[in-house]
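One structure is given here, and the rest of the page talks about it.
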Number of protein chains: 2
Amino acid sequence: MPGNEERTQRGRMADIRERGFSDRASFDKATAWVDAHGATLMAKEIDLSEATGRVLAEPVEAAWAIPPADRASSDGYAVRSDDTVGAGDYNPLVLTLCHREDALPPSAAAPIAAGESLPRGADAILPFESARASGAALEVFSAAAEGRGVEREGQQIQAGTTLLDRARTLLPQDIGLIASLGIQRVQVIRRPRVRLIVSRPKSHGELSPLGDANGPMLRALVARDGGIVEAMILGTGQRAEIAQALAAPGADMFLLAGRTGTGWDDEAPLAVAETGELAIHGIALRPGGSAGMGVVGTAPVLLLPGDPLDCFCAYELLAGRLVRRLAGRSPELPYPVREAEVGRKIVSAIGIVDLYRVCLVNGRAEAIGSAESGGLASTLRADGFVIVPAPLEGYAPGVRIPVHIYRRTNTTS
Amino acid sequence: MPGNEERTQRGRMADIRERGFSDRASFDKATAWVDAHGATLMAKEIDLSEATGRVLAEPVEAAWAIPPADRASSDGYAVRSDDTVGAGDYNPLVLTLCHREDALPPSAAAPIAAGESLPRGADAILPFESARASGAALEVFSAAAEGRGVEREGQQIQAGTTLLDRARTLLPQDIGLIASLGIQRVQVIRRPRVRLIVSRPKSHGELSPLGDANGPMLRALVARDGGIVEAMILGTGQRAEIAQALAAPGADMFLLAGRTGTGWDDEAPLAVAETGELAIHGIALRPGGSAGMGVVGTAPVLLLPGDPLDCFCAYELLAGRLVRRLAGRSPELPYPVREAEVGRKIVSAIGIVDLYRVCLVNGRAEAIGSAESGGLASTLRADGFVIVPAPLEGYAPGVRIPVHIYRRTNTTS
């Protein structure tokens, strides 16, 4: 049966245990794979109160104008501007003070508060500071130009126009604007349901008090990128166990952390090849070179190395991009970027993408060890990281490069 | 009774309705007030899985070393480096292939996977690519230097050292590191419980389909800054109602939005003066000049204008700072900053802080209208905002200024 043979073949191709990566996919190829498998998910209607940070699946239209009628934009007296012409400190004019009604009589003024609709006939707001009330008379000490303190109907938003476009990530002020239109529910991109399948860290016998770093870290990263952890399966990394976790329905994508390398116990790629298709294994990326990718059913699977630093970097550069794409977000790294001058030389190799953790010292980016050294602890005192693209051999001192910032350095207590 | 007289006096001082602000507090004074009333809250123990973005109240100590023993940092064969000296493509050496045990015999090699502890005697990892197994013999084609592929005990973190300092805002990678030490709960700063007391937008009679913008917007902003909305009271803005909402216990701070100006219906400052103390009302800030601050019991109260743009800006520059301070975060604005050249002139007045929404057009910051115009809708197409400090009359074209970025402009769909 050709089908069986193909499957066996595929399984065999994937088994590079104790042989090493003979060939690694370029980082560009891996990125292109992510982009090809990261179609934005469908829409879902949610309550506006939960919509901050979510991505609009449909434009929001303004059914009403903002403001819905001419209104005062400041506190003061509603007046007819013509009635105030010529008023000054040495030439106060006197208007009749009256209550605010639907219409303002000529030569009259009515107290008005910011946000209230303008009485008919009034076309300006005179500030309190420019007038003095005494009984039914209001002395006016300066002229109010037509339109002063008045916000016209539709001045902010005209009725029937698009308030917010599709694909916009909603900010707090967007939520405010949508709410002000009386809209309580919005159509947003559904959150990708991410299943984490994590292998426990390897035992050091009696010496192994260490817990799993990858599960909790990935959970936090997935949430940051707009995904939702559908399940987190912490196991021993055996092939059958991983295959079973991959086969159960309900996930939009899988993150498989650990057992992805070339050691005798690295069965994760085999589990993917058995249950689906392993497309790429081994990427010209440091740290994170044993990462890979494939598909089970229709859901993409990202293989992430078990070493926490490798796992972190492969998540950042590849898996996170997939989560963000499915969530309809910008695929770019979600870090602010600052330009800095390279301090000591940063070494790379042509064909390999290197991620260096760096400190910013007097505005210069100083690498913390080499790309692959220091473990996850190398991120502890890093201000951020730099990426050396595949075509470069590194960065010479003094070159200006973009630094992705982990944390703001102006933090005070 | 002097006490009564003082209280009446205070109440009267606060009533500036239909008179206008005779004097406004400087922005620096308002900021100093926030800082003086923003003492970091107490610690609380929480589960690590909920700790991303939270602020450590206690340092995290490493009870164990990372790694806890010498271990392989890459897949390959554990060897004694001396046994491989002189090996080359044209001069393969042969070692005895054996299973990994506690100790490695001389002239032997044992397969090892990244993360496994090193057998005694071994001091290097030979990559699979540098050797070829045939039966019990392993041909070695290159020398492995001592320490190659080996990560020493404590190389990342030594036992007994401080892993993370107090006051650190926890990043996903920090969570991973803490978890790797087997720590499941951490001491973090408690979230400030913020009570929102919001006045409904003013009626435009038949024309008023508009909903409240401020409540939903403030809810999102408070969450962003590390606070938790303890209650959200949407009312009519009457004095007794506000006073009642201020008097109930349970909040670390209050945000009072709406009815803070100088119009006839602006009773919020009076409610604060009645239930506590109104310290500042009226600030030399645009938009947001009718903001104020005071204390009820021990909890600070921020008065925010009812106009959504004014409310947003006063939150950003003052209230948000208070939330962040209580939460133990950096008080600085939580936006990335980019330097840009001023496009058209940006006008301000000495003594007043102006917040302009800007677009970045070919790298130049172009103001969207004036500081106070456009309403909340002026944020829609803004890439960010700039702040003109009190001592300046504005910014001339071509000057380089910091722009606080609302959204990344490299967003693609």
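Chain labels follow the order of the structure tokens: the first chain is A, the next B, and so on; residue numbering restarts at 1 in every chain, and ligands are counted from 1 in their shown order.
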Please return, as a JSON list (two decimals) with N, CA and C atoms, in the first residue's frame, all residues of chain A lying within 7 Å of chain B when only C-alpha atoms are considered.
[["chain", "number", "residue", "atom", "x", "y", "z"],
["A", 18, "GLU", "N", 20.12, 11.10, 17.05],
["A", 18, "GLU", "CA", 21.50, 10.64, 17.09],
["A", 18, "GLU", "C", 22.21, 10.76, 15.73],
["A", 19, "ARG", "N", 21.66, 11.63, 14.87],
["A", 19, "ARG", "CA", 22.37, 11.90, 13.63],
["A", 19, "ARG", "C", 22.65, 13.40, 13.49],
["A", 20, "GLY", "N", 21.77, 14.20, 14.06],
["A", 20, "GLY", "CA", 21.98, 15.65, 13.95],
["A", 20, "GLY", "C", 21.29, 16.20, 12.72],
["A", 49, "SER", "N", -17.19, 45.58, 26.92],
["A", 49, "SER", "CA", -16.38, 45.66, 28.14],
["A", 49, "SER", "C", -15.19, 44.70, 28.11],
["A", 52, "THR", "N", -11.11, 45.52, 24.83],
["A", 52, "THR", "CA", -9.83, 46.22, 24.75],
["A", 52, "THR", "C", -8.73, 45.26, 24.30],
["A", 68, "PRO", "N", -24.59, 64.95, 18.72],
["A", 68, "PRO", "CA", -25.85, 64.78, 17.99],
["A", 68, "PRO", "C", -26.57, 66.09, 17.72],
["A", 75, "ASP", "N", -18.23, 75.66, 29.82],
["A", 75, "ASP", "CA", -19.23, 76.27, 30.69],
["A", 75, "ASP", "C", -19.26, 77.78, 30.45],
["A", 76, "GLY", "N", -20.41, 78.38, 30.67],
["A", 76, "GLY", "CA", -20.49, 79.84, 30.51],
["A", 76, "GLY", "C", -21.93, 80.28, 30.28],
["A", 112, "ILE", "N", -25.10, 78.05, 30.82],
["A", 112, "ILE", "CA", -25.08, 76.76, 30.13],
["A", 112, "ILE", "C", -23.84, 75.99, 30.59],
["A", 113, "ALA", "N", -23.97, 74.68, 30.70],
["A", 113, "ALA", "CA", -22.84, 73.85, 31.13],
["A", 113, "ALA", "C", -22.30, 73.09, 29.93],
["A", 114, "ALA", "N", -21.01, 72.81, 29.95],
["A", 114, "ALA", "CA", -20.38, 72.07, 28.86],
["A", 114, "ALA", "C", -21.16, 70.78, 28.61],
["A", 115, "GLY", "N", -21.46, 70.52, 27.34],
["A", 115, "GLY", "CA", -22.16, 69.30, 26.99],
["A", 115, "GLY", "C", -23.65, 69.51, 26.77],
["A", 116, "GLU", "N", -24.19, 70.61, 27.26],
["A", 116, "GLU", "CA", -25.62, 70.86, 27.05],
["A", 116, "GLU", "C", -25.85, 71.38, 25.63],
["A", 117, "SER", "N", -27.05, 71.06, 25.11],
["A", 117, "SER", "CA", -27.32, 71.53, 23.75],
["A", 117, "SER", "C", -27.63, 73.02, 23.77],
["A", 128, "PHE", "N", -17.66, 82.47, 31.99],
["A", 128, "PHE", "CA", -18.09, 83.14, 33.23],
["A", 128, "PHE", "C", -17.17, 84.30, 33.56],
["A", 129, "GLU", "N", -15.88, 84.09, 33.29],
["A", 129, "GLU", "CA", -14.88, 85.08, 33.66],
["A", 129, "GLU", "C", -15.06, 86.40, 32.89],
["A", 156, "GLN", "N", -17.34, 66.09, 15.44],
["A", 156, "GLN", "CA", -16.36, 65.02, 15.68],
["A", 156, "GLN", "C", -16.56, 63.88, 14.69],
["A", 157, "ILE", "N", -17.80, 63.44, 14.60],
["A", 157, "ILE", "CA", -18.14, 62.31, 13.73],
["A", 157, "ILE", "C", -19.47, 62.59, 13.08],
["A", 167, "ALA", "N", -9.90, 45.35, 11.43],
["A", 167, "ALA", "CA", -8.50, 45.00, 11.73],
["A", 167, "ALA", "C", -7.85, 45.93, 12.73],
["A", 172, "PRO", "N", -8.18, 51.78, 24.63],
["A", 172, "PRO", "CA", -9.18, 52.27, 25.59],
["A", 172, "PRO", "C", -10.02, 53.42, 25.04],
["A", 173, "GLN", "N", -9.39, 54.36, 24.33],
["A", 173, "GLN", "CA", -10.17, 55.49, 23.80],
["A", 173, "GLN", "C", -11.14, 55.04, 22.70],
["A", 175, "ILE", "N", -12.71, 52.19, 22.76],
["A", 175, "ILE", "CA", -13.81, 51.63, 23.54],
["A", 175, "ILE", "C", -14.75, 52.76, 23.97],
["A", 176, "GLY", "N", -14.16, 53.86, 24.42],
["A", 176, "GLY", "CA", -14.96, 55.01, 24.83],
["A", 176, "GLY", "C", -15.81, 55.54, 23.70],
["A", 177, "LEU", "N", -15.21, 55.68, 22.52],
["A", 177, "LEU", "CA", -15.95, 56.21, 21.37],
["A", 177, "LEU", "C", -17.09, 55.27, 20.97],
["A", 179, "ALA", "N", -18.61, 53.14, 22.85],
["A", 179, "ALA", "CA", -19.64, 53.20, 23.90],
["A", 179, "ALA", "C", -20.47, 54.47, 23.77],
["A", 180, "SER", "N", -19.82, 55.55, 23.37],
["A", 180, "SER", "CA", -20.56, 56.81, 23.29],
["A", 180, "SER", "C", -21.62, 56.77, 22.20],
["A", 181, "LEU", "N", -21.48, 55.86, 21.25],
["A", 181, "LEU", "CA", -22.50, 55.68, 20.21],
["A", 181, "LEU", "C", -23.62, 54.75, 20.67],
["A", 182, "GLY", "N", -23.54, 54.29, 21.90],
["A", 182, "GLY", "CA", -24.57, 53.40, 22.41],
["A", 182, "GLY", "C", -24.40, 51.95, 21.97],
["A", 202, "LYS", "N", 14.34, 17.56, 32.15],
["A", 202, "LYS", "CA", 14.99, 16.27, 32.38],
["A", 202, "LYS", "C", 15.46, 16.13, 33.82],
["A", 204, "HIS", "N", 17.66, 15.29, 37.01],
["A", 204, "HIS", "CA", 19.05, 15.19, 37.42],
["A", 204, "HIS", "C", 19.12, 14.30, 38.65],
["A", 207, "LEU", "N", 19.27, 15.42, 42.33],
["A", 207, "LEU", "CA", 19.60, 16.83, 42.20],
["A", 207, "LEU", "C", 18.55, 17.63, 41.44],
["A", 208, "SER", "N", 17.40, 17.05, 41.18],
["A", 208, "SER", "CA", 16.48, 17.72, 40.28],
["A", 208, "SER", "C", 15.28, 18.32, 40.97],
["A", 209, "PRO", "N", 15.48, 19.44, 41.63],
["A", 209, "PRO", "CA", 14.32, 20.11, 42.22],
["A", 209, "PRO", "C", 13.63, 21.01, 41.20],
["A", 210, "LEU", "N", 14.18, 21.08, 40.01],
["A", 210, "LEU", "CA", 13.73, 22.11, 39.08],
["A", 210, "LEU", "C", 12.38, 21.80, 38.47],
["A", 211, "GLY", "N", 11.59, 22.84, 38.32],
["A", 211, "GLY", "CA", 10.27, 22.72, 37.72],
["A", 211, "GLY", "C", 10.31, 23.10, 36.25],
["A", 212, "ASP", "N", 9.17, 22.95, 35.61],
["A", 212, "ASP", "CA", 9.08, 23.29, 34.19],
["A", 212, "ASP", "C", 8.96, 24.80, 34.02],
["A", 213, "ALA", "N", 9.84, 25.37, 33.21],
["A", 213, "ALA", "CA", 9.78, 26.81, 32.91],
["A", 213, "ALA", "C", 8.86, 27.08, 31.74],
["A", 214, "ASN", "N", 8.83, 26.15, 30.78],
["A", 214, "ASN", "CA", 8.23, 26.45, 29.48],
["A", 214, "ASN", "C", 6.71, 26.63, 29.52],
["A", 216, "PRO", "N", 4.56, 27.65, 32.03],
["A", 216, "PRO", "CA", 4.13, 28.97, 32.54],
["A", 216, "PRO", "C", 4.58, 30.13, 31.66],
["A", 217, "MET", "N", 5.78, 30.01, 31.09],
["A", 217, "MET", "CA", 6.28, 31.09, 30.23],
["A", 217, "MET", "C", 5.44, 31.19, 28.95],
["A", 220, "ALA", "N", 2.06, 32.75, 29.43],
["A", 220, "ALA", "CA", 2.11, 34.21, 29.51],
["A", 220, "ALA", "C", 2.33, 34.82, 28.12],
["A", 221, "LEU", "N", 3.17, 34.19, 27.32],
["A", 221, "LEU", "CA", 3.46, 34.73, 25.99],
["A", 221, "LEU", "C", 2.24, 34.63, 25.08],
["A", 262, "THR", "N", 17.87, 16.38, 18.61],
["A", 262, "THR", "CA", 18.40, 15.22, 17.89],
["A", 262, "THR", "C", 18.89, 14.16, 18.87],
["A", 263, "GLY", "N", 18.53, 14.29, 20.14],
["A", 263, "GLY", "CA", 18.93, 13.30, 21.14],
["A", 263, "GLY", "C", 18.09, 12.04, 21.02],
["A", 264, "TRP", "N", 18.52, 11.02, 21.78],
["A", 264, "TRP", "CA", 17.81, 9.74, 21.71],
["A", 264, "TRP", "C", 16.37, 9.85, 22.16],
["A", 265, "ASP", "N", 16.08, 10.85, 23.02],
["A", 265, "ASP", "CA", 14.74, 10.95, 23.59],
["A", 265, "ASP", "C", 13.87, 11.99, 22.89],
["A", 328, "GLY", "N", -5.25, 37.97, 14.20],
["A", 328, "GLY", "CA", -5.51, 39.15, 13.38],
["A", 328, "GLY", "C", -4.66, 40.35, 13.73],
["A", 329, "ARG", "N", -3.65, 40.12, 14.57],
["A", 329, "ARG", "CA", -2.78, 41.23, 14.96],
["A", 329, "ARG", "C", -1.65, 41.42, 13.97],
["A", 330, "SER", "N", -0.90, 42.49, 14.16],
["A", 330, "SER", "CA", 0.32, 42.66, 13.39],
["A", 330, "SER", "C", 1.27, 41.52, 13.72],
["A", 336, "PRO", "N", 8.58, 47.61, 21.77],
["A", 336, "PRO", "CA", 9.06, 48.88, 21.24],
["A", 336, "PRO", "C", 10.49, 48.72, 20.76],
["A", 374, "GLY", "N", 24.18, 31.37, 28.43],
["A", 374, "GLY", "CA", 23.57, 32.05, 29.56],
["A", 374, "GLY", "C", 22.20, 31.54, 29.94],
["A", 375, "GLY", "N", 21.60, 30.74, 29.07],
["A", 375, "GLY", "CA", 20.29, 30.21, 29.39],
["A", 375, "GLY", "C", 19.25, 31.30, 29.53],
["A", 376, "LEU", "N", 18.07, 30.92, 30.02],
["A", 376, "LEU", "CA", 17.00, 31.90, 30.17],
["A", 376, "LEU", "C", 17.41, 33.01, 31.12],
["A", 377, "ALA", "N", 18.34, 32.69, 32.03],
["A", 377, "ALA", "CA", 18.81, 33.71, 32.99],
["A", 377, "ALA", "C", 19.51, 34.86, 32.28],
["A", 411, "THR", "N", 12.33, 53.10, 34.39],
["A", 411, "THR", "CA", 11.52, 52.67, 35.51],
["A", 411, "THR", "C", 12.09, 53.18, 36.82],
["A", 412, "THR", "N", 11.25, 53.79, 37.61],
["A", 412, "THR", "CA", 11.63, 54.18, 38.95],
["A", 412, "THR", "C", 10.76, 53.38, 39.90],
["A", 413, "SER", "N", 11.10, 53.37, 41.17],
["A", 413, "SER", "CA", 10.24, 52.62, 42.08],
["A", 413, "SER", "C", 9.09, 53.55, 42.48]]
- Would you give me, as an MDAnalysis selection string, the residues in range 76-210 of chain B that DSSP reads as helix (DSSP H, G or I)? chainID B and resid 81:84 128:130 172:180 205:207
- Query: In Å, how far is it from CA of Asp23 in chain B to CA of Leu97 in chain A?
  - Reply: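 Rounded to one decimal, the two atoms are 25.2 Å apart.
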- Which of range 102-347 of chain B DSSP labels strand (DSSP E), written as a PyMOL selection string: chain B and resi 108-112+124-126+131-134+137-140+150-151+162-164+185-189+193-199+228-235+253-257+277-281+285-286+292-296+299-304+337-342+346-347
- Item | Nearest residue to Asp82 in chain B from the set B:Arg120, B:Ala62, B:Ala284, B:Glu146 (distances using only C-alpha atoms) |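 For Asp82 in chain B, the nearest of the candidates is B:Glu146.
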- Of B:Ile352, B:Ala299, B:Ala291, B:Leu104, the one nearest to Ala248 in chain B when counting only C-alpha atoms is B:Ala299
